[in-house]
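Peer 1: I'm passing along work_22.cif; it holds mmCIF, N, CA and C atoms.
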```
data_upload
loop_
_atom_site.group_PDB
_atom_site.id
_atom_site.type_symbol
_atom_site.label_atom_id
_atom_site.label_comp_id
_atom_site.auth_asym_id
_atom_site.auth_seq_id
_atom_site.Cartn_x
_atom_site.Cartn_y
_atom_site.Cartn_z
ATOM 1 N N MET A 1 27.274 -24.305 -2.494
ATOM 2 C CA MET A 1 27.300 -23.966 -3.909
ATOM 3 C C MET A 1 25.971 -24.350 -4.554
ATOM 4 N N VAL A 2 25.495 -23.497 -5.451
ATOM 5 C CA VAL A 2 24.223 -23.711 -6.125
ATOM 6 C C VAL A 2 24.451 -24.591 -7.349
ATOM 7 N N PRO A 3 23.663 -25.645 -7.484
ATOM 8 C CA PRO A 3 23.823 -26.514 -8.660
ATOM 9 C C PRO A 3 23.593 -25.758 -9.968
ATOM 10 N N ASP A 4 24.311 -26.173 -11.017
ATOM 11 C CA ASP A 4 24.180 -25.509 -12.312
ATOM 12 C C ASP A 4 22.770 -25.607 -12.876
ATOM 13 N N GLU A 5 22.074 -26.696 -12.568
ATOM 14 C CA GLU A 5 20.732 -26.863 -13.130
ATOM 15 C C GLU A 5 19.686 -25.979 -12.438
ATOM 16 N N PHE A 6 20.054 -25.369 -11.310
ATOM 17 C CA PHE A 6 19.122 -24.474 -10.621
ATOM 18 C C PHE A 6 19.205 -23.101 -11.267
ATOM 19 N N LYS A 7 18.126 -22.710 -11.886
ATOM 20 C CA LYS A 7 18.081 -21.399 -12.544
ATOM 21 C C LYS A 7 17.333 -20.442 -11.634
ATOM 22 N N PHE A 8 18.004 -19.382 -11.198
ATOM 23 C CA PHE A 8 17.373 -18.395 -10.321
ATOM 24 C C PHE A 8 16.565 -17.429 -11.151
ATOM 25 N N GLU A 9 15.304 -17.246 -10.767
ATOM 26 C CA GLU A 9 14.440 -16.255 -11.396
ATOM 27 C C GLU A 9 13.958 -15.308 -10.312
ATOM 28 N N THR A 10 13.890 -14.044 -10.656
ATOM 29 C CA THR A 10 13.307 -13.103 -9.702
ATOM 30 C C THR A 10 11.799 -13.328 -9.688
ATOM 31 N N PHE A 11 11.162 -12.825 -8.663
ATOM 32 C CA PHE A 11 9.705 -12.966 -8.580
ATOM 33 C C PHE A 11 9.033 -12.361 -9.798
ATOM 34 N N VAL A 12 9.492 -11.181 -10.210
ATOM 35 C CA VAL A 12 8.881 -10.501 -11.352
ATOM 36 C C VAL A 12 9.042 -11.334 -12.613
ATOM 37 N N GLU A 13 10.198 -11.932 -12.813
ATOM 38 C CA GLU A 13 10.413 -12.780 -13.986
ATOM 39 C C GLU A 13 9.505 -14.006 -13.950
ATOM 40 N N ALA A 14 9.379 -14.597 -12.790
ATOM 41 C CA ALA A 14 8.591 -15.819 -12.663
ATOM 42 C C ALA A 14 7.094 -15.549 -12.775
ATOM 43 N N GLN A 15 6.655 -14.426 -12.266
ATOM 44 C CA GLN A 15 5.222 -14.152 -12.196
ATOM 45 C C GLN A 15 4.708 -13.218 -13.277
ATOM 46 N N GLY A 16 5.582 -12.458 -13.906
ATOM 47 C CA GLY A 16 5.163 -11.554 -14.979
ATOM 48 C C GLY A 16 4.142 -10.537 -14.513
ATOM 49 N N THR A 17 2.993 -10.526 -15.165
ATOM 50 C CA THR A 17 1.969 -9.527 -14.851
ATOM 51 C C THR A 17 1.299 -9.760 -13.510
ATOM 52 N N ALA A 18 1.564 -10.871 -12.879
ATOM 53 C CA ALA A 18 0.953 -11.155 -11.579
ATOM 54 C C ALA A 18 1.542 -10.285 -10.470
ATOM 55 N N MET A 19 2.613 -9.566 -10.765
ATOM 56 C CA MET A 19 3.248 -8.728 -9.742
ATOM 57 C C MET A 19 2.274 -7.693 -9.191
ATOM 58 N N GLN A 20 1.528 -7.044 -10.065
ATOM 59 C CA GLN A 20 0.565 -6.036 -9.608
ATOM 60 C C GLN A 20 -0.511 -6.678 -8.750
ATOM 61 N N GLU A 21 -0.948 -7.872 -9.126
ATOM 62 C CA GLU A 21 -1.930 -8.592 -8.315
ATOM 63 C C GLU A 21 -1.347 -8.963 -6.958
ATOM 64 N N TYR A 22 -0.099 -9.362 -6.942
ATOM 65 C CA TYR A 22 0.593 -9.700 -5.696
ATOM 66 C C TYR A 22 0.627 -8.486 -4.769
ATOM 67 N N LEU A 23 1.040 -7.343 -5.309
ATOM 68 C CA LEU A 23 1.113 -6.117 -4.515
ATOM 69 C C LEU A 23 -0.272 -5.693 -4.027
ATOM 70 N N SER A 24 -1.253 -5.769 -4.909
ATOM 71 C CA SER A 24 -2.620 -5.408 -4.526
ATOM 72 C C SER A 24 -3.138 -6.307 -3.414
ATOM 73 N N GLY A 25 -2.804 -7.590 -3.486
ATOM 74 C CA GLY A 25 -3.234 -8.532 -2.454
ATOM 75 C C GLY A 25 -2.643 -8.212 -1.099
ATOM 76 N N VAL A 26 -1.368 -7.833 -1.085
ATOM 77 C CA VAL A 26 -0.713 -7.473 0.173
ATOM 78 C C VAL A 26 -1.363 -6.225 0.753
ATOM 79 N N VAL A 27 -1.596 -5.228 -0.079
ATOM 80 C CA VAL A 27 -2.170 -3.962 0.378
ATOM 81 C C VAL A 27 -3.630 -4.148 0.811
ATOM 82 N N ALA A 28 -4.376 -4.979 0.095
ATOM 83 C CA ALA A 28 -5.793 -5.187 0.413
ATOM 84 C C ALA A 28 -5.988 -5.749 1.810
ATOM 85 N N LYS A 29 -5.053 -6.521 2.275
ATOM 86 C CA LYS A 29 -5.170 -7.134 3.603
ATOM 87 C C LYS A 29 -4.927 -6.138 4.729
ATOM 88 N N LEU A 30 -4.292 -5.028 4.428
ATOM 89 C CA LEU A 30 -3.927 -4.071 5.475
ATOM 90 C C LEU A 30 -5.123 -3.535 6.246
ATOM 91 N N SER A 31 -6.193 -3.185 5.548
ATOM 92 C CA SER A 31 -7.333 -2.596 6.250
ATOM 93 C C SER A 31 -8.013 -3.603 7.173
ATOM 94 N N LYS A 32 -7.776 -4.887 6.937
ATOM 95 C CA LYS A 32 -8.352 -5.924 7.790
ATOM 96 C C LYS A 32 -7.427 -6.322 8.932
ATOM 97 N N THR A 33 -6.125 -6.168 8.716
ATOM 98 C CA THR A 33 -5.169 -6.703 9.690
ATOM 99 C C THR A 33 -4.379 -5.649 10.461
ATOM 100 N N ASP A 34 -4.308 -4.435 9.945
ATOM 101 C CA ASP A 34 -3.478 -3.405 10.572
ATOM 102 C C ASP A 34 -4.360 -2.312 11.165
ATOM 103 N N LYS A 35 -4.390 -2.232 12.485
ATOM 104 C CA LYS A 35 -5.248 -1.264 13.172
ATOM 105 C C LYS A 35 -4.862 0.177 12.851
ATOM 106 N N ALA A 36 -3.581 0.451 12.759
ATOM 107 C CA ALA A 36 -3.122 1.811 12.448
ATOM 108 C C ALA A 36 -3.568 2.217 11.050
ATOM 109 N N TYR A 37 -3.482 1.303 10.107
ATOM 110 C CA TYR A 37 -3.894 1.566 8.730
ATOM 111 C C TYR A 37 -5.387 1.873 8.695
ATOM 112 N N ARG A 38 -6.163 1.042 9.368
ATOM 113 C CA ARG A 38 -7.617 1.235 9.394
ATOM 114 C C ARG A 38 -7.978 2.559 10.080
ATOM 115 N N ALA A 39 -7.270 2.906 11.143
ATOM 116 C CA ALA A 39 -7.536 4.170 11.848
ATOM 117 C C ALA A 39 -7.300 5.364 10.933
ATOM 118 N N ILE A 40 -6.263 5.303 10.117
ATOM 119 C CA ILE A 40 -5.983 6.392 9.176
ATOM 120 C C ILE A 40 -7.091 6.464 8.127
ATOM 121 N N GLN A 41 -7.510 5.312 7.616
ATOM 122 C CA GLN A 41 -8.612 5.303 6.650
ATOM 123 C C GLN A 41 -9.879 5.901 7.266
ATOM 124 N N ASP A 42 -10.160 5.530 8.501
ATOM 125 C CA ASP A 42 -11.342 6.061 9.190
ATOM 126 C C ASP A 42 -11.245 7.574 9.363
ATOM 127 N N LYS A 43 -10.056 8.058 9.675
ATOM 128 C CA LYS A 43 -9.850 9.505 9.845
ATOM 129 C C LYS A 43 -10.107 10.234 8.523
ATOM 130 N N ILE A 44 -9.623 9.676 7.428
ATOM 131 C CA ILE A 44 -9.854 10.272 6.111
ATOM 132 C C ILE A 44 -11.343 10.290 5.795
ATOM 133 N N GLU A 45 -12.021 9.180 6.054
ATOM 134 C CA GLU A 45 -13.466 9.108 5.805
ATOM 135 C C GLU A 45 -14.216 10.132 6.654
ATOM 136 N N SER A 46 -13.785 10.322 7.890
ATOM 137 C CA SER A 46 -14.396 11.306 8.778
ATOM 138 C C SER A 46 -14.230 12.723 8.227
ATOM 139 N N ILE A 47 -13.055 13.026 7.728
ATOM 140 C CA ILE A 47 -12.806 14.347 7.130
ATOM 141 C C ILE A 47 -13.692 14.531 5.901
ATOM 142 N N TYR A 48 -13.805 13.492 5.072
ATOM 143 C CA TYR A 48 -14.646 13.587 3.882
ATOM 144 C C TYR A 48 -16.116 13.819 4.253
ATOM 145 N N ARG A 49 -16.568 13.178 5.325
ATOM 146 C CA ARG A 49 -17.952 13.397 5.758
ATOM 147 C C ARG A 49 -18.145 14.836 6.247
ATOM 148 N N GLN A 50 -17.147 15.345 6.960
ATOM 149 C CA GLN A 50 -17.237 16.704 7.498
ATOM 150 C C GLN A 50 -17.071 17.753 6.392
ATOM 151 N N TYR A 51 -16.218 17.456 5.414
ATOM 152 C CA TYR A 51 -15.923 18.396 4.326
ATOM 153 C C TYR A 51 -16.097 17.687 2.976
ATOM 154 N N PRO A 52 -17.332 17.542 2.502
ATOM 155 C CA PRO A 52 -17.567 16.822 1.239
ATOM 156 C C PRO A 52 -16.852 17.435 0.036
ATOM 157 N N HIS A 53 -16.627 18.746 0.052
ATOM 158 C CA HIS A 53 -15.923 19.377 -1.069
ATOM 159 C C HIS A 53 -14.484 18.877 -1.182
ATOM 160 N N VAL A 54 -13.909 18.499 -0.056
ATOM 161 C CA VAL A 54 -12.525 17.999 -0.070
ATOM 162 C C VAL A 54 -12.478 16.682 -0.835
ATOM 163 N N MET A 55 -13.427 15.787 -0.568
ATOM 164 C CA MET A 55 -13.466 14.524 -1.303
ATOM 165 C C MET A 55 -13.664 14.799 -2.788
ATOM 166 N N GLY A 56 -14.550 15.744 -3.111
ATOM 167 C CA GLY A 56 -14.784 16.096 -4.507
ATOM 168 C C GLY A 56 -13.539 16.609 -5.188
ATOM 169 N N MET A 57 -12.717 17.311 -4.433
ATOM 170 C CA MET A 57 -11.472 17.838 -4.982
ATOM 171 C C MET A 57 -10.556 16.700 -5.432
ATOM 172 N N PHE A 58 -10.543 15.601 -4.670
ATOM 173 C CA PHE A 58 -9.691 14.465 -5.022
ATOM 174 C C PHE A 58 -10.315 13.575 -6.087
ATOM 175 N N ASP A 59 -11.647 13.627 -6.227
ATOM 176 C CA ASP A 59 -12.343 12.757 -7.172
ATOM 177 C C ASP A 59 -12.428 13.324 -8.584
ATOM 178 N N THR A 60 -12.194 14.616 -8.742
ATOM 179 C CA THR A 60 -12.293 15.224 -10.067
ATOM 180 C C THR A 60 -10.980 15.909 -10.419
ATOM 181 N N GLU A 61 -10.865 16.244 -11.663
ATOM 182 C CA GLU A 61 -9.670 16.961 -12.119
ATOM 183 C C GLU A 61 -9.975 18.440 -12.337
ATOM 184 N N LYS A 62 -11.095 18.882 -11.801
ATOM 185 C CA LYS A 62 -11.496 20.277 -11.957
ATOM 186 C C LYS A 62 -10.956 21.103 -10.801
ATOM 187 N N ALA A 63 -10.773 22.377 -11.058
ATOM 188 C CA ALA A 63 -10.377 23.299 -9.989
ATOM 189 C C ALA A 63 -11.523 23.396 -8.991
ATOM 190 N N ALA A 64 -11.173 23.544 -7.725
ATOM 191 C CA ALA A 64 -12.199 23.633 -6.688
ATOM 192 C C ALA A 64 -11.913 24.819 -5.787
ATOM 193 N N ALA A 65 -12.956 25.538 -5.467
ATOM 194 C CA ALA A 65 -12.832 26.644 -4.518
ATOM 195 C C ALA A 65 -13.133 26.087 -3.133
ATOM 196 N N LEU A 66 -12.155 26.189 -2.252
ATOM 197 C CA LEU A 66 -12.314 25.650 -0.907
ATOM 198 C C LEU A 66 -12.220 26.766 0.122
ATOM 199 N N THR A 67 -12.917 26.575 1.218
ATOM 200 C CA THR A 67 -12.793 27.511 2.331
ATOM 201 C C THR A 67 -11.463 27.262 3.031
ATOM 202 N N GLU A 68 -11.136 28.131 3.946
ATOM 203 C CA GLU A 68 -9.890 27.956 4.700
ATOM 204 C C GLU A 68 -9.897 26.634 5.471
ATOM 205 N N GLN A 69 -11.039 26.283 6.062
ATOM 206 C CA GLN A 69 -11.143 25.031 6.799
ATOM 207 C C GLN A 69 -11.020 23.828 5.867
ATOM 208 N N GLU A 70 -11.621 23.937 4.678
ATOM 209 C CA GLU A 70 -11.530 22.849 3.708
ATOM 210 C C GLU A 70 -10.101 22.686 3.208
ATOM 211 N N CYS A 71 -9.386 23.789 3.036
ATOM 212 C CA CYS A 71 -7.974 23.716 2.633
ATOM 213 C C CYS A 71 -7.158 22.996 3.702
ATOM 214 N N ALA A 72 -7.392 23.343 4.961
ATOM 215 C CA ALA A 72 -6.687 22.671 6.057
ATOM 216 C C ALA A 72 -7.031 21.189 6.072
ATOM 217 N N ALA A 73 -8.301 20.861 5.822
ATOM 218 C CA ALA A 73 -8.722 19.460 5.779
ATOM 219 C C ALA A 73 -8.056 18.734 4.611
ATOM 220 N N ALA A 74 -7.954 19.390 3.468
ATOM 221 C CA ALA A 74 -7.311 18.781 2.297
ATOM 222 C C ALA A 74 -5.837 18.501 2.582
ATOM 223 N N ILE A 75 -5.182 19.422 3.228
ATOM 224 C CA ILE A 75 -3.769 19.225 3.593
ATOM 225 C C ILE A 75 -3.643 18.044 4.556
ATOM 226 N N GLU A 76 -4.566 17.949 5.504
ATOM 227 C CA GLU A 76 -4.539 16.827 6.446
ATOM 228 C C GLU A 76 -4.770 15.503 5.715
ATOM 229 N N VAL A 77 -5.704 15.485 4.767
ATOM 230 C CA VAL A 77 -5.980 14.264 3.998
ATOM 231 C C VAL A 77 -4.738 13.829 3.226
ATOM 232 N N VAL A 78 -4.062 14.774 2.597
ATOM 233 C CA VAL A 78 -2.851 14.433 1.842
ATOM 234 C C VAL A 78 -1.798 13.826 2.777
ATOM 235 N N GLY A 79 -1.634 14.405 3.950
ATOM 236 C CA GLY A 79 -0.689 13.846 4.918
ATOM 237 C C GLY A 79 -1.089 12.447 5.348
ATOM 238 N N LEU A 80 -2.374 12.235 5.577
ATOM 239 C CA LEU A 80 -2.856 10.905 5.969
ATOM 240 C C LEU A 80 -2.697 9.902 4.826
ATOM 241 N N GLN A 81 -2.946 10.341 3.600
ATOM 242 C CA GLN A 81 -2.744 9.460 2.446
ATOM 243 C C GLN A 81 -1.279 9.064 2.323
ATOM 244 N N ASN A 82 -0.386 9.991 2.607
ATOM 245 C CA ASN A 82 1.047 9.672 2.592
ATOM 246 C C ASN A 82 1.381 8.629 3.653
ATOM 247 N N GLN A 83 0.749 8.735 4.819
ATOM 248 C CA GLN A 83 0.965 7.729 5.868
ATOM 249 C C GLN A 83 0.476 6.361 5.413
ATOM 250 N N LEU A 84 -0.667 6.326 4.715
ATOM 251 C CA LEU A 84 -1.173 5.057 4.184
ATOM 252 C C LEU A 84 -0.178 4.447 3.202
ATOM 253 N N VAL A 85 0.342 5.266 2.308
ATOM 254 C CA VAL A 85 1.314 4.779 1.322
ATOM 255 C C VAL A 85 2.559 4.245 2.024
ATOM 256 N N GLU A 86 2.995 4.943 3.059
ATOM 257 C CA GLU A 86 4.172 4.488 3.810
ATOM 258 C C GLU A 86 3.912 3.115 4.441
ATOM 259 N N LEU A 87 2.739 2.944 5.028
ATOM 260 C CA LEU A 87 2.399 1.646 5.617
ATOM 261 C C LEU A 87 2.282 0.568 4.545
ATOM 262 N N GLU A 88 1.752 0.926 3.386
ATOM 263 C CA GLU A 88 1.633 -0.022 2.278
ATOM 264 C C GLU A 88 3.016 -0.460 1.794
ATOM 265 N N MET A 89 3.908 0.505 1.613
ATOM 266 C CA MET A 89 5.262 0.176 1.145
ATOM 267 C C MET A 89 5.992 -0.690 2.169
ATOM 268 N N GLN A 90 5.823 -0.381 3.436
ATOM 269 C CA GLN A 90 6.450 -1.165 4.493
ATOM 270 C C GLN A 90 5.908 -2.592 4.482
ATOM 271 N N SER A 91 4.619 -2.734 4.329
ATOM 272 C CA SER A 91 4.004 -4.057 4.301
ATOM 273 C C SER A 91 4.488 -4.871 3.105
ATOM 274 N N VAL A 92 4.538 -4.237 1.938
ATOM 275 C CA VAL A 92 5.016 -4.919 0.733
ATOM 276 C C VAL A 92 6.477 -5.322 0.902
ATOM 277 N N TYR A 93 7.287 -4.450 1.470
ATOM 278 C CA TYR A 93 8.703 -4.746 1.681
ATOM 279 C C TYR A 93 8.873 -5.967 2.584
ATOM 280 N N PHE A 94 8.185 -5.957 3.720
ATOM 281 C CA PHE A 94 8.338 -7.073 4.649
ATOM 282 C C PHE A 94 7.749 -8.363 4.086
ATOM 283 N N ARG A 95 6.662 -8.256 3.327
ATOM 284 C CA ARG A 95 6.098 -9.455 2.693
ATOM 285 C C ARG A 95 7.088 -10.008 1.677
ATOM 286 N N GLY A 96 7.745 -9.120 0.937
ATOM 287 C CA GLY A 96 8.757 -9.555 -0.024
ATOM 288 C C GLY A 96 9.927 -10.235 0.659
ATOM 289 N N CYS A 97 10.356 -9.704 1.808
ATOM 290 C CA CYS A 97 11.436 -10.334 2.570
ATOM 291 C C CYS A 97 11.027 -11.726 3.022
ATOM 292 N N TYR A 98 9.824 -11.817 3.557
ATOM 293 C CA TYR A 98 9.290 -13.099 4.035
ATOM 294 C C TYR A 98 9.235 -14.115 2.891
ATOM 295 N N ASP A 99 8.682 -13.691 1.752
ATOM 296 C CA ASP A 99 8.578 -14.581 0.596
ATOM 297 C C ASP A 99 9.948 -14.973 0.059
ATOM 298 N N SER A 100 10.894 -14.042 0.086
ATOM 299 C CA SER A 100 12.244 -14.329 -0.412
ATOM 300 C C SER A 100 12.922 -15.398 0.431
ATOM 301 N N VAL A 101 12.793 -15.285 1.729
ATOM 302 C CA VAL A 101 13.385 -16.300 2.615
ATOM 303 C C VAL A 101 12.744 -17.657 2.338
ATOM 304 N N GLY A 102 11.426 -17.681 2.194
ATOM 305 C CA GLY A 102 10.739 -18.936 1.889
ATOM 306 C C GLY A 102 11.189 -19.519 0.556
ATOM 307 N N TYR A 103 11.357 -18.660 -0.424
ATOM 308 C CA TYR A 103 11.820 -19.104 -1.741
ATOM 309 C C TYR A 103 13.218 -19.693 -1.651
ATOM 310 N N LEU A 104 14.112 -19.007 -0.939
ATOM 311 C CA LEU A 104 15.489 -19.491 -0.805
ATOM 312 C C LEU A 104 15.548 -20.786 0.005
ATOM 313 N N GLN A 105 14.693 -20.924 0.988
ATOM 314 C CA GLN A 105 14.641 -22.169 1.753
ATOM 315 C C GLN A 105 14.144 -23.312 0.868
ATOM 316 N N LYS A 106 13.114 -23.038 0.085
ATOM 317 C CA LYS A 106 12.576 -24.053 -0.816
ATOM 318 C C LYS A 106 13.618 -24.472 -1.849
ATOM 319 N N ALA A 107 14.435 -23.535 -2.279
ATOM 320 C CA ALA A 107 15.482 -23.826 -3.265
ATOM 321 C C ALA A 107 16.690 -24.505 -2.623
ATOM 322 N N GLY A 108 16.683 -24.611 -1.278
ATOM 323 C CA GLY A 108 17.784 -25.268 -0.590
ATOM 324 C C GLY A 108 18.994 -24.379 -0.408
ATOM 325 N N ILE A 109 18.844 -23.093 -0.603
ATOM 326 C CA ILE A 109 19.958 -22.161 -0.469
ATOM 327 C C ILE A 109 20.125 -21.753 0.988
ATOM 328 N N LEU A 110 19.042 -21.675 1.727
ATOM 329 C CA LEU A 110 19.101 -21.351 3.158
ATOM 330 C C LEU A 110 18.774 -22.575 3.978
#
```
Once you've parsed the file, please lay out its structure as structure tokens.
Peer 2:
Amino acid sequence: MVPDEFKFETFVEAQGTAMQEYLSGVVAKLSKTDKAYRAIQDKIESIYRQYPHVMGMFDTEKAAALTEQECAAAIEVVGLQNQLVELEMQSVYFRGCYDSVGYLQKAGIL
């Protein structure tokens, strides 16, 4: 049983605006620690070097005329960006699980 004087706060309640910094910190480490994440980033950079107009398409809000090859490259970049987001979400989820267990252990609940 949890003592009455123990007030449970969620991470967001306890940290407030630091949540975005927390998430950014978890994601920032991925390119240094996750080989698959870095490989995807490298692939995107390679496509941008090969097709500079594709990078420009993502950097501006203007309409862009692309060749058929550039369109295929843009589609590939979007797919790779989705893979990056998936890895980021997975990393944040598991980091949150890890932190939650540590928090509950510190609180004497586990």
Peer 1: When you draw a straight line from atom N of Asn82 in chain A to CA of Gln41 in chain A, how long is it in Å?
Peer 2: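 Atom N of Asn82 in chain A sits 10.3 Å away from CA of Gln41 in chain A.
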Peer 1: Can you pull out every residue from chain A that DSSP, working from the backbone, puts in alpha helix (DSSP H), and format the result as a PyMOL selection string?
Peer 2: chain A and resi 11-15+18-28+30-33+35-50+52-59+68-106
Peer 1: May I ask for the distance between CA of Glu86 in chain A and CA of Lys43 in chain A, given in Å to one decimal place?
Peer 2: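 Spanning CA of Glu86 in chain A to CA of Lys43 in chain A is a straight-line distance of 16.1 Å.
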Peer 1: Could you tell me how far atom N of Ile40 in chain A sits from atom N of Ala74 in chain A, in Å to one decimal place?
Peer 2: 15.7 Å
Peer 1: Within 12 Å of range 58-71 of chain A, counting only C-alpha atoms, which residues show up once you throw out same-chain ones fewer than 5 positions away? Write them as an MDAnalysis selection string, please.
Peer 2: chainID A and resid 44 47:53 76:78 81
Peer 1: Pick out the closest residue to Ala39 in chain A from this set: A:Val101, A:Leu84, A:Val27, A:Val54. Count only C-alpha atoms.
Peer 2: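 So, comparing all the options, the nearest one is A:Leu84.
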Peer 1: Give me, as a list in words, all polymer residues having an atom no more than 12 Å from Glu88 in chain A, counting only C-alpha atoms and skipping those fewer than 2 positions away in the same chain.
Peer 2: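 Once the adjacent positions are removed, what remains is Leu23, Ser24, Gly25, Val26, Val27, Ala28, Lys29, Leu30, Ser31, Asp34, Ala36, Tyr37, Arg38, Gln81, Asn82, Gln83, Leu84, Val85, Glu86, Gln90, Ser91, Val92, Tyr93, Phe94 and Arg95 of chain A.
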Peer 1: Please rebuild range 19-26 of chain A with all heavy atoms and give the result as a CSV table (one decimal), in the frame of the given file.
Peer 2:
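Below is the file selection-v2.csv, written as the result:
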```csv
chain,number,residue,atom,x,y,z
A,19,MET,N,2.6,-9.6,-10.8
A,19,MET,CA,3.2,-8.7,-9.7
A,19,MET,C,2.3,-7.7,-9.2
A,19,MET,O,2.2,-7.5,-8.0
A,19,MET,CB,4.5,-8.0,-10.3
A,19,MET,CG,5.2,-7.2,-9.3
A,19,MET,SD,5.9,-8.2,-8.0
A,19,MET,CE,6.9,-7.0,-7.2
A,20,GLN,N,1.5,-7.0,-10.1
A,20,GLN,CA,0.6,-6.0,-9.6
A,20,GLN,C,-0.5,-6.7,-8.8
A,20,GLN,O,-0.9,-6.1,-7.7
A,20,GLN,CB,-0.1,-5.3,-10.8
A,20,GLN,CG,-0.9,-4.1,-10.4
A,20,GLN,CD,-0.1,-3.1,-9.7
A,20,GLN,OE1,1.1,-2.8,-10.0
A,20,GLN,NE2,-0.7,-2.5,-8.6
A,21,GLU,N,-0.9,-7.9,-9.1
A,21,GLU,CA,-1.9,-8.6,-8.3
A,21,GLU,C,-1.3,-9.0,-7.0
A,21,GLU,O,-2.0,-8.9,-5.9
A,21,GLU,CB,-2.4,-9.8,-9.1
A,21,GLU,CG,-3.2,-9.5,-10.3
A,21,GLU,CD,-3.6,-10.8,-11.0
A,21,GLU,OE1,-3.6,-11.9,-10.4
A,21,GLU,OE2,-3.9,-10.7,-12.2
A,22,TYR,N,-0.1,-9.4,-6.9
A,22,TYR,CA,0.6,-9.7,-5.7
A,22,TYR,C,0.6,-8.5,-4.8
A,22,TYR,O,0.3,-8.6,-3.6
A,22,TYR,CB,2.0,-10.2,-6.0
A,22,TYR,CG,2.9,-10.4,-4.8
A,22,TYR,CD1,2.8,-11.6,-4.1
A,22,TYR,CD2,3.9,-9.5,-4.5
A,22,TYR,CE1,3.7,-11.8,-3.0
A,22,TYR,CE2,4.7,-9.7,-3.4
A,22,TYR,CZ,4.6,-10.8,-2.7
A,22,TYR,OH,5.4,-11.0,-1.6
A,23,LEU,N,1.0,-7.3,-5.3
A,23,LEU,CA,1.1,-6.1,-4.5
A,23,LEU,C,-0.3,-5.7,-4.0
A,23,LEU,O,-0.4,-5.3,-2.9
A,23,LEU,CB,1.7,-5.0,-5.3
A,23,LEU,CG,3.2,-5.2,-5.7
A,23,LEU,CD1,3.7,-4.1,-6.7
A,23,LEU,CD2,4.1,-5.3,-4.5
A,24,SER,N,-1.3,-5.8,-4.9
A,24,SER,CA,-2.6,-5.4,-4.5
A,24,SER,C,-3.1,-6.3,-3.4
A,24,SER,O,-3.8,-5.8,-2.5
A,24,SER,CB,-3.6,-5.5,-5.7
A,24,SER,OG,-3.2,-4.5,-6.7
A,25,GLY,N,-2.8,-7.6,-3.5
A,25,GLY,CA,-3.2,-8.5,-2.5
A,25,GLY,C,-2.6,-8.2,-1.1
A,25,GLY,O,-3.3,-8.3,-0.1
A,26,VAL,N,-1.4,-7.8,-1.1
A,26,VAL,CA,-0.7,-7.5,0.2
A,26,VAL,C,-1.4,-6.2,0.8
A,26,VAL,O,-1.7,-6.2,1.9
A,26,VAL,CB,0.8,-7.2,0.0
A,26,VAL,CG1,1.4,-6.7,1.2
A,26,VAL,CG2,1.5,-8.5,-0.5
```
